[in-house]
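Visitor: Right, I'll just put the structure down here and ask away after.
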Amino acid sequence: MTAVWNGLLFGMLLQLSVGPVCLAVLQRSISLGFRQAWWMIVGVALVDAAYMAGAIGGLALILQINMVKQLVVIGGAVILIWFGMGSIRAKVPDTGVVQAAASGTADNTLLSMPAAERTEREIGKGRSFLYGVGLTLTNPLTILFWAGVFGSLISSQTTSAGGQLIGFAVGCVLSTLLFLTGIARLGTYAAKMLRPIWRKRVNIAVGIFLIGFAIVLFFQNRWSF
């Protein structure tokens with residue numbers, strides 16, 4: 001339990017540095033409601049867990065290879081730019097649908113929709129999940145960070161036991177779920193107050209942030225290639 005608690009505290013401190021995933025969850029919640037944002041959060045947490053498992057299994061050693069690190073940073077930056085452009089171009093959904101999703105009455109709203117539109121909304125949950133997976137999976141900072149954290153823990157032998165490492169990882173994943181769920185809930189409250197034009201501006205702002213984040217990350221790391 002101590003390792004889980006340490007991981008939870010470490011993860012919460014990490015979450016305070018707002019990054020692209022946090023802003024993307026907020027945008028998703030404002031634009032499409034809490035349920036869509038929650039499915040995105042599940043995708044984010046699963047990828048984080050996969051990276052932590054990979055780091056425990058020796059991913060940090062692979063990322064020390066210069067060519068591998070270069071491919072991760074360049075490929076991740078390109079895909080983050082693509083996500084950013086998609087956010088800028090995204091359409092703002094109908095206000096009534098967003099408010100229904102935010103208030104938790106989305107299921108009743110879905111039942112009143114035509115079958116084709118209802119199917120599209122249900123598919124949207126899967127798209128939100130894949131969006132969370134894709135955004136986290138291609139974020140080079142996430143890969144390099146978790147590899148560095150667990151690589152340091154293993155090399156320092158302060159948390160060398162397998163059970164302790166797994167407990168620490170569980171705590172980190174829990175912090176991601178708790179913090180991002182709070183951000184998503186915040187977004188549902190904001191959605192009730194924002195007009196469509198402001199929700200569109202949020203999409204544009206998040207898109208610009210993702211593109212800028214990718215460019216800055218690339219130029220910060222290219223000197224180490």
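Here, A, B, ... name the chains of the structure tokens in the order displayed, residue numbers run from 1 inside each chain, and ligands are numbered from 1 in the same displayed order.
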Could you name the residues that touch Leu23 in chain A at 10 Å or less, counting only C-alpha atoms, but leaving out those on the same chain fewer than 3 positions away, as a compact mmCIF listing (two decimals) with C-alpha atoms, in the first residue's frame?
Guide:
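So result04.txt came out as:
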```
# COMPACT_ATOMS: atom_id res chain seq x y z
CA VAL A 18 -0.97 20.87 -17.39
CA GLY A 19 -0.13 19.14 -20.65
CA PRO A 20 -1.83 18.39 -23.97
CA LEU A 26 -11.26 19.41 -21.01
CA GLN A 27 -12.06 20.19 -24.63
CA ARG A 28 -13.74 16.80 -25.13
CA SER A 29 -15.90 17.30 -22.07
CA LEU A 180 -8.63 13.77 -15.43
CA ILE A 183 -11.07 17.94 -15.30
CA ALA A 184 -13.84 16.27 -17.32
CA GLY A 187 -15.66 20.76 -18.47
CA VAL A 202 -11.79 26.27 -27.08
CA ASN A 203 -11.32 23.71 -29.87
CA ALA A 205 -7.07 27.01 -28.65
CA VAL A 206 -6.46 23.34 -27.82
CA GLY A 207 -5.52 22.64 -31.44
CA PHE A 209 -1.59 24.25 -28.14
CA LEU A 210 -1.12 20.72 -29.49
```
Visitor: Could you pull the residues within 12 Å of Gly182 in chain A, counting only C-alpha atoms, minus those fewer than 4 positions along the same chain, as number ranges by chain?
Guide: A: 12, 15, 22, 25-26, 29, 34, 37-38, 41, 175-178, 186-189
Visitor: Please, could you write that set of residues out with all heavy atoms as a compact mmCIF listing (two decimals), in the first residue's frame?
Guide:
```txt
# COMPACT_ATOMS: atom_id res chain seq x y z
N MET A 12 -0.15 12.75 -8.81
CA MET A 12 -0.91 13.98 -8.61
C MET A 12 -0.02 15.21 -8.78
O MET A 12 -0.44 16.22 -9.37
CB MET A 12 -1.54 13.99 -7.22
CG MET A 12 -2.80 13.14 -7.11
SD MET A 12 -4.10 13.75 -8.23
CE MET A 12 -5.43 12.63 -7.82
N GLN A 15 0.42 15.70 -12.43
CA GLN A 15 -0.75 16.20 -13.13
C GLN A 15 -0.87 17.72 -13.02
O GLN A 15 -1.55 18.34 -13.85
CB GLN A 15 -2.03 15.57 -12.55
CG GLN A 15 -2.09 14.05 -12.63
CD GLN A 15 -2.11 13.52 -14.04
OE1 GLN A 15 -2.50 14.22 -14.97
NE2 GLN A 15 -1.69 12.28 -14.21
N CYS A 22 -4.40 16.74 -20.75
CA CYS A 22 -5.32 17.40 -19.82
C CYS A 22 -6.23 18.39 -20.57
O CYS A 22 -7.46 18.39 -20.38
CB CYS A 22 -4.54 18.12 -18.74
SG CYS A 22 -5.57 19.02 -17.56
N VAL A 25 -8.77 16.54 -22.78
CA VAL A 25 -9.89 15.99 -22.01
C VAL A 25 -10.89 17.10 -21.69
O VAL A 25 -12.11 16.92 -21.80
CB VAL A 25 -9.39 15.33 -20.71
CG1 VAL A 25 -10.56 15.04 -19.77
CG2 VAL A 25 -8.64 14.04 -21.03
N LEU A 26 -10.39 18.27 -21.30
CA LEU A 26 -11.26 19.41 -21.01
C LEU A 26 -12.07 19.80 -22.24
O LEU A 26 -13.28 20.03 -22.17
CB LEU A 26 -10.43 20.59 -20.53
CG LEU A 26 -11.19 21.87 -20.18
CD1 LEU A 26 -12.13 21.63 -19.00
CD2 LEU A 26 -10.23 23.00 -19.88
N SER A 29 -14.77 17.20 -23.00
CA SER A 29 -15.90 17.30 -22.07
C SER A 29 -16.79 18.49 -22.42
O SER A 29 -18.02 18.39 -22.38
CB SER A 29 -15.37 17.42 -20.64
OG SER A 29 -16.43 17.51 -19.73
N PHE A 34 -19.53 14.63 -20.58
CA PHE A 34 -18.71 13.87 -19.64
C PHE A 34 -18.46 12.44 -20.11
O PHE A 34 -17.36 11.91 -19.96
CB PHE A 34 -19.37 13.86 -18.26
CG PHE A 34 -18.60 13.09 -17.23
CD1 PHE A 34 -17.50 13.65 -16.60
CD2 PHE A 34 -18.97 11.80 -16.90
CE1 PHE A 34 -16.77 12.95 -15.66
CE2 PHE A 34 -18.25 11.08 -15.94
CZ PHE A 34 -17.15 11.67 -15.33
N ALA A 37 -15.76 12.24 -22.64
CA ALA A 37 -14.47 12.52 -22.01
C ALA A 37 -14.00 11.34 -21.15
O ALA A 37 -12.81 11.04 -21.10
CB ALA A 37 -14.57 13.79 -21.16
N TRP A 38 -14.95 10.66 -20.49
CA TRP A 38 -14.59 9.53 -19.64
C TRP A 38 -13.98 8.40 -20.46
O TRP A 38 -12.99 7.80 -20.06
CB TRP A 38 -15.80 9.03 -18.87
CG TRP A 38 -15.58 7.71 -18.21
CD1 TRP A 38 -16.16 6.53 -18.53
CD2 TRP A 38 -14.67 7.41 -17.13
NE1 TRP A 38 -15.69 5.52 -17.72
CE2 TRP A 38 -14.78 6.03 -16.85
CE3 TRP A 38 -13.81 8.19 -16.36
CZ2 TRP A 38 -14.04 5.42 -15.85
CZ3 TRP A 38 -13.06 7.57 -15.37
CH2 TRP A 38 -13.19 6.20 -15.11
N ILE A 41 -10.52 9.28 -21.18
CA ILE A 41 -9.67 9.10 -19.99
C ILE A 41 -9.28 7.63 -19.82
O ILE A 41 -8.13 7.32 -19.48
CB ILE A 41 -10.41 9.60 -18.74
CG1 ILE A 41 -10.57 11.12 -18.81
CG2 ILE A 41 -9.66 9.22 -17.47
CD1 ILE A 41 -11.54 11.68 -17.78
N SER A 175 -3.91 8.14 -10.13
CA SER A 175 -3.85 9.60 -10.12
C SER A 175 -4.32 10.16 -11.46
O SER A 175 -5.00 11.20 -11.50
CB SER A 175 -2.42 10.07 -9.82
OG SER A 175 -1.55 9.82 -10.90
N THR A 176 -3.97 9.49 -12.55
CA THR A 176 -4.43 9.92 -13.88
C THR A 176 -5.95 9.86 -13.97
O THR A 176 -6.60 10.81 -14.43
CB THR A 176 -3.80 9.04 -14.97
OG1 THR A 176 -2.38 9.19 -14.95
CG2 THR A 176 -4.33 9.42 -16.35
N LEU A 177 -6.52 8.75 -13.51
CA LEU A 177 -7.98 8.59 -13.56
C LEU A 177 -8.68 9.64 -12.71
O LEU A 177 -9.66 10.27 -13.15
CB LEU A 177 -8.36 7.18 -13.09
CG LEU A 177 -8.03 6.02 -14.03
CD1 LEU A 177 -8.27 4.69 -13.33
CD2 LEU A 177 -8.88 6.11 -15.31
N LEU A 178 -8.20 9.86 -11.49
CA LEU A 178 -8.85 10.79 -10.57
C LEU A 178 -8.74 12.23 -11.07
O LEU A 178 -9.74 12.97 -11.10
CB LEU A 178 -8.23 10.67 -9.18
CG LEU A 178 -8.51 9.37 -8.42
CD1 LEU A 178 -7.70 9.32 -7.13
CD2 LEU A 178 -10.00 9.24 -8.11
N LEU A 186 -15.26 19.30 -14.60
CA LEU A 186 -15.16 20.74 -14.73
C LEU A 186 -15.62 21.20 -16.11
O LEU A 186 -16.29 22.23 -16.26
CB LEU A 186 -13.71 21.19 -14.48
CG LEU A 186 -13.40 22.68 -14.62
CD1 LEU A 186 -14.15 23.49 -13.56
CD2 LEU A 186 -11.91 22.93 -14.51
N GLY A 187 -15.25 20.42 -17.12
CA GLY A 187 -15.66 20.76 -18.47
C GLY A 187 -17.17 20.72 -18.67
O GLY A 187 -17.73 21.52 -19.43
N THR A 188 -17.85 19.79 -18.00
CA THR A 188 -19.31 19.71 -18.14
C THR A 188 -19.99 20.95 -17.56
O THR A 188 -21.00 21.42 -18.09
CB THR A 188 -19.86 18.45 -17.44
OG1 THR A 188 -19.57 18.51 -16.04
CG2 THR A 188 -19.26 17.19 -18.04
N TYR A 189 -19.44 21.48 -16.47
CA TYR A 189 -19.99 22.71 -15.91
C TYR A 189 -19.72 23.89 -16.84
O TYR A 189 -20.58 24.76 -17.02
CB TYR A 189 -19.39 22.98 -14.53
CG TYR A 189 -19.78 21.97 -13.48
CD1 TYR A 189 -18.81 21.37 -12.67
CD2 TYR A 189 -21.11 21.58 -13.31
CE1 TYR A 189 -19.17 20.42 -11.71
CE2 TYR A 189 -21.47 20.64 -12.36
CZ TYR A 189 -20.50 20.07 -11.57
OH TYR A 189 -20.86 19.13 -10.63
```
Visitor: Can you tell me which residues surround Ala49 in chain A at a distance of at most 9 Å, considering only C-alpha atoms, apart from same-chain residues fewer than 4 positions away, and format the answer as a list in words?
Guide: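 That gives Val44, Ala45, Ala53, Gly54, Ala169, Val170, Cys172 and Val173 of chain A.
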Visitor: What separation in Å, quoted to one decimal, exists between CA of Asn6 in chain A and CA of Ser152 in chain A?
Guide: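 These two atoms are separated by 15.2 Å.
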Visitor: Using only C-alpha atoms, which of the listed residues (A:Ala3, A:Ile215, A:Leu130, A:Ile166) sits closest to Met52 in chain A?
Guide: A:Ile166
Visitor: Determine the nearest neighbour of Val216 in chain A from the options A:Met67, A:Leu32, A:Ile81, A:Leu137, counting only C-alpha atoms.
Guide: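 Among the listed residues, A:Ile81 lies closest to Val216 in chain A.
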Visitor: Quick one: pull the distance between CA of Gly11 in chain A and CA of Gly171 in chain A, Å, one decimal.
Guide: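 We find that CA of Gly11 in chain A and CA of Gly171 in chain A lie 7.2 Å from each other.
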Visitor: When you look at Ile204 in chain A with a cut-off of 7 Å (counting only C-alpha atoms), what residues show up, excluding the ones that are within fewer than 3 positions of it in the same chain? I need them as a PyMOL selection string.
Guide: chain A and resi 87-88+200-201+207-208
Visitor: Take the residues from that selection and write them out as a short mmCIF file (atom, residue, chain, number, x, y, z; two decimals), in the first residue's frame, keeping C-alpha atoms.
Guide:
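Generated output (part-v5.cif):
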```
data_model
loop_
_atom_site.label_atom_id
_atom_site.label_comp_id
_atom_site.auth_asym_id
_atom_site.auth_seq_id
_atom_site.Cartn_x
_atom_site.Cartn_y
_atom_site.Cartn_z
CA SER A 87 -9.22 19.92 -33.15
CA ILE A 88 -9.15 23.23 -35.02
CA LYS A 200 -15.38 26.53 -31.05
CA ARG A 201 -12.71 28.87 -29.71
CA GLY A 207 -5.52 22.64 -31.44
CA ILE A 208 -3.01 25.49 -31.46
#
```
